Amino acid sequence: MAARPAFRMLRWLLRSGTRGCTSGAPVTQLHPGGGPPPAREELPTRLQYLREHAAPFSAFLTDSFGRRHSYLRISLTEKCNLRCQYCMPEEGVPLTPRADLLTTEEILTLSRLFVREGVDKIRLTGGEPLIRPDVVDIVAQLHQLKGLRTIGITTNGINLARLLPQLQKAGLGAINISLDTLVPAKFEFIVRRKGFHKVMEGIHKAIELGYNPVKVNCVVMRGLNEDELLDFVALTKSLPLDVRFIEYMPFDGNKWNFKKMVSYKEMLDTIQQRWPELETLPEKESSTAKAFKIPGFQGQVSFITSMSENFCGTCNRLRITADGNLKVCLFGNSEVSLRDHLRAGASEEELLSIVGAAVGRKKRQHAGMFNIAQMKNRPMILIGFSPKLQASAPVSSSLSSWDPFHVLDLRPTVSFPNQLATLWKRYKAPQTLTAQLQRGFGSPQRCYSSHRDADTNSKCLSSGSRTSPAPSGPRSTSDKLTHVDSEGRAAMVDVGQKLDTDRVAVASAVVLLGPVAFKLVQQNQLEKGDALMVAQLAGIQAAKLTSQLIPLCHHVALSHIHVQLELDGTRHAVVIQASCRARGPTGVEMEALTSAAVAALTLYDMCKAVSRDITVGDVRLISKTGGRRGDFHRA
């Protein structure tokens, strides 16, 4: 097959007569008149065998294990209109120069080549494919390809409502929308942009235009969104959705951690406890999803089990990146540039030879989640992978060990509102009651902690368990103000000669909400979203910005921030505790105090529309360690 004359003859055989590359009919082409072909058409033994036993699918797209690759994913761009913390830093990532990206014509040329060889489904990905200006035109031209049955797109949904009518007319047949949370505040934190309502509008528009099912991709991560499983499932009761829960997968730069992965079986068990009547649906050929349905529900739920139960044995997917590289395995790090060969003037036969060689090298299965985590691979955004969430801690030099949204014992027990009008017109966050966690005063507890090991090493504050810290160490204070000079003018303390030591400070604050606001916060029913989560994030951000808020504070490179909030039902209050850690010449008590105070003020802001009976108070330093004056612990 490597020899050019034999190769061309094989191509002639595959194209001749009525047989197409996707046909299963044997080749029985006869020479006109019924006689034998001329002697010049006599073939070598191997080619004659291939002719008489022709494969029903292109040899170039069939690997050494017999897997036929009929599904092609093409990344249209590396750019995105979101800045997801798990995907790229806020300022973006280095992008491939525009001249090195595939042009529209190159995309269509490669698409024609793959469709001719048997690909019958193409999915357009990114980055975010809907920010490409000619995406509608690309879909329309793909729709003209004979043999292509389905054109799909995977999108973050921001531009979907605006573009979908045009895309549908152009021939778009399938939609996957990435949505990892139903809480607007959490959405904004994850993606660093507003847009939750636009995504919901996009889902609504897809349903309105008759797409069924509308697939919603949700990557599940422990401590981030696993508490929303039941809320997502509840959406399928009255909406034609296929909610696809995806196991968290390792990619370059996402700091994958096995402890953050929620396995398919764990997710399934959680759902079955709420809906024991959940039924298994038949698996479709080459499907990556295990599908289930609750009797009486319009939609269904699926699980993408790439890590715990891989589906490599039936994989039929190939990927072309935005810069024109062919990836035969999502988790593999080997790539071949089709762009370079295309621009060098390679013929179709030569391109197919290159594709066939790459497909032929595809391994039986990926290396397993632990080995994948150690492999060098592209970051998610540069591959064109469906889900938007392969999360890690936000990139921050001053918050190296922070694990976002670590939620302690937070499980939903009330389903998401199932009326379409409620979902689309009001966009309320899902109701979340945590009846599993009962304290002495009998109220459901919601406890948020930003500590990475909060589930084992951190204790939530409660009215029944709080104890005053015992005094420890020297408590020497100065009888002079340190931030004024000899003439009484404000001055910053010079710490240049002080030694670096480990500094830790803990501060607290209490917000008395009153019964009305307290109940809404407890049940997560505020119109503005999840008050505890937003307050926690505000406290973390405030700690990092203390030197910009307090004029004479030095900037401190914090190594750790821990903000914890808990509901106190006996007082209708939220108790806040913030701790900060750093190594340096100056303390971090101001950072801890600022964190607690701003978290308290944020709670006030979230709740002020429903109650003016709110008091912010008891902002105080609990303890500090390090420094010349010794340790301090409030008695």
# chains A, B, ... in the order shown; residues from 1 in each chain; ligands from 1
$ residues_around --residues "segment 582-595 of chain A" --least-positions-apart "2" --cutoff "9 Å" --atoms "only C-alpha atoms" --output "ChimeraX atom specification"
/A:398,495-509,536,538-547,549-550,553-554,556-561,563,577-580,597-600,619-621,623-627
$ write_last_selection --atoms "C-alpha atoms" --output "mmCIF file, in the first residue's frame"
data_model
loop_
_atom_site.group_PDB
_atom_site.id
_atom_site.type_symbol
_atom_site.label_atom_id
_atom_site.label_comp_id
_atom_site.auth_asym_id
_atom_site.auth_seq_id
_atom_site.Cartn_x
_atom_site.Cartn_y
_atom_site.Cartn_z
ATOM 1 C CA SER A 398 -1.173 34.067 46.342
ATOM 2 C CA VAL A 495 9.684 46.231 57.462
ATOM 3 C CA GLY A 496 12.783 45.923 55.324
ATOM 4 C CA GLN A 497 14.992 44.877 58.242
ATOM 5 C CA LYS A 498 12.543 42.425 59.796
ATOM 6 C CA LEU A 499 13.054 38.703 59.434
ATOM 7 C CA ASP A 500 10.648 36.549 57.460
ATOM 8 C CA THR A 501 8.597 34.287 59.701
ATOM 9 C CA ASP A 502 5.493 32.161 59.274
ATOM 10 C CA ARG A 503 2.411 34.276 59.934
ATOM 11 C CA VAL A 504 -1.128 33.016 60.539
ATOM 12 C CA ALA A 505 -4.183 35.034 61.594
ATOM 13 C CA VAL A 506 -7.821 34.113 62.173
ATOM 14 C CA ALA A 507 -10.706 36.597 62.323
ATOM 15 C CA SER A 508 -14.463 36.242 62.612
ATOM 16 C CA ALA A 509 -17.664 38.159 62.000
ATOM 17 C CA GLN A 536 -17.140 33.157 50.593
ATOM 18 C CA ALA A 538 -15.833 37.890 48.315
ATOM 19 C CA GLY A 539 -13.934 37.108 51.510
ATOM 20 C CA ILE A 540 -11.194 35.327 49.607
ATOM 21 C CA GLN A 541 -10.885 38.150 47.099
ATOM 22 C CA ALA A 542 -10.852 40.789 49.853
ATOM 23 C CA ALA A 543 -7.969 39.090 51.645
ATOM 24 C CA LYS A 544 -5.887 39.299 48.478
ATOM 25 C CA LEU A 545 -6.747 42.984 47.968
ATOM 26 C CA THR A 546 -6.264 44.199 51.549
ATOM 27 C CA SER A 547 -3.264 46.413 50.765
ATOM 28 C CA LEU A 549 -8.196 48.836 50.573
ATOM 29 C CA ILE A 550 -6.254 49.737 53.741
ATOM 30 C CA CYS A 553 -0.964 47.934 54.847
ATOM 31 C CA HIS A 554 1.922 46.231 53.133
ATOM 32 C CA VAL A 556 1.469 40.316 51.478
ATOM 33 C CA ALA A 557 1.907 37.277 49.243
ATOM 34 C CA LEU A 558 -0.605 34.997 50.913
ATOM 35 C CA SER A 559 0.080 31.281 50.665
ATOM 36 C CA HIS A 560 -3.321 30.181 51.931
ATOM 37 C CA ILE A 561 -6.803 31.574 52.561
ATOM 38 C CA VAL A 563 -13.046 31.225 54.526
ATOM 39 C CA GLN A 577 -14.384 32.684 60.098
ATOM 40 C CA ALA A 578 -11.465 33.679 57.894
ATOM 41 C CA SER A 579 -7.857 32.613 58.253
ATOM 42 C CA CYS A 580 -4.839 33.765 56.265
ATOM 43 C CA ALA A 597 -15.659 41.912 57.168
ATOM 44 C CA VAL A 598 -16.131 41.903 53.404
ATOM 45 C CA ALA A 599 -17.749 38.465 53.489
ATOM 46 C CA ALA A 600 -20.197 39.851 56.064
ATOM 47 C CA VAL A 619 -15.748 41.586 63.621
ATOM 48 C CA ARG A 620 -12.702 40.649 65.640
ATOM 49 C CA LEU A 621 -9.317 39.009 65.600
ATOM 50 C CA SER A 623 -5.731 34.663 66.917
ATOM 51 C CA LYS A 624 -2.421 35.460 65.272
ATOM 52 C CA THR A 625 0.965 33.765 65.299
ATOM 53 C CA GLY A 626 4.424 34.883 64.238
ATOM 54 C CA GLY A 627 6.216 38.178 64.695
#
$ select_by_dssp --residues "segment 154-384 of chain A" --states "strand (DSSP E or B)" --output "count of residues only"
44
$ atom_distance --atom1 "atom CA of Glu348 of chain A" --atom2 "atom CA of Cys312 of chain A"
28.5 Å
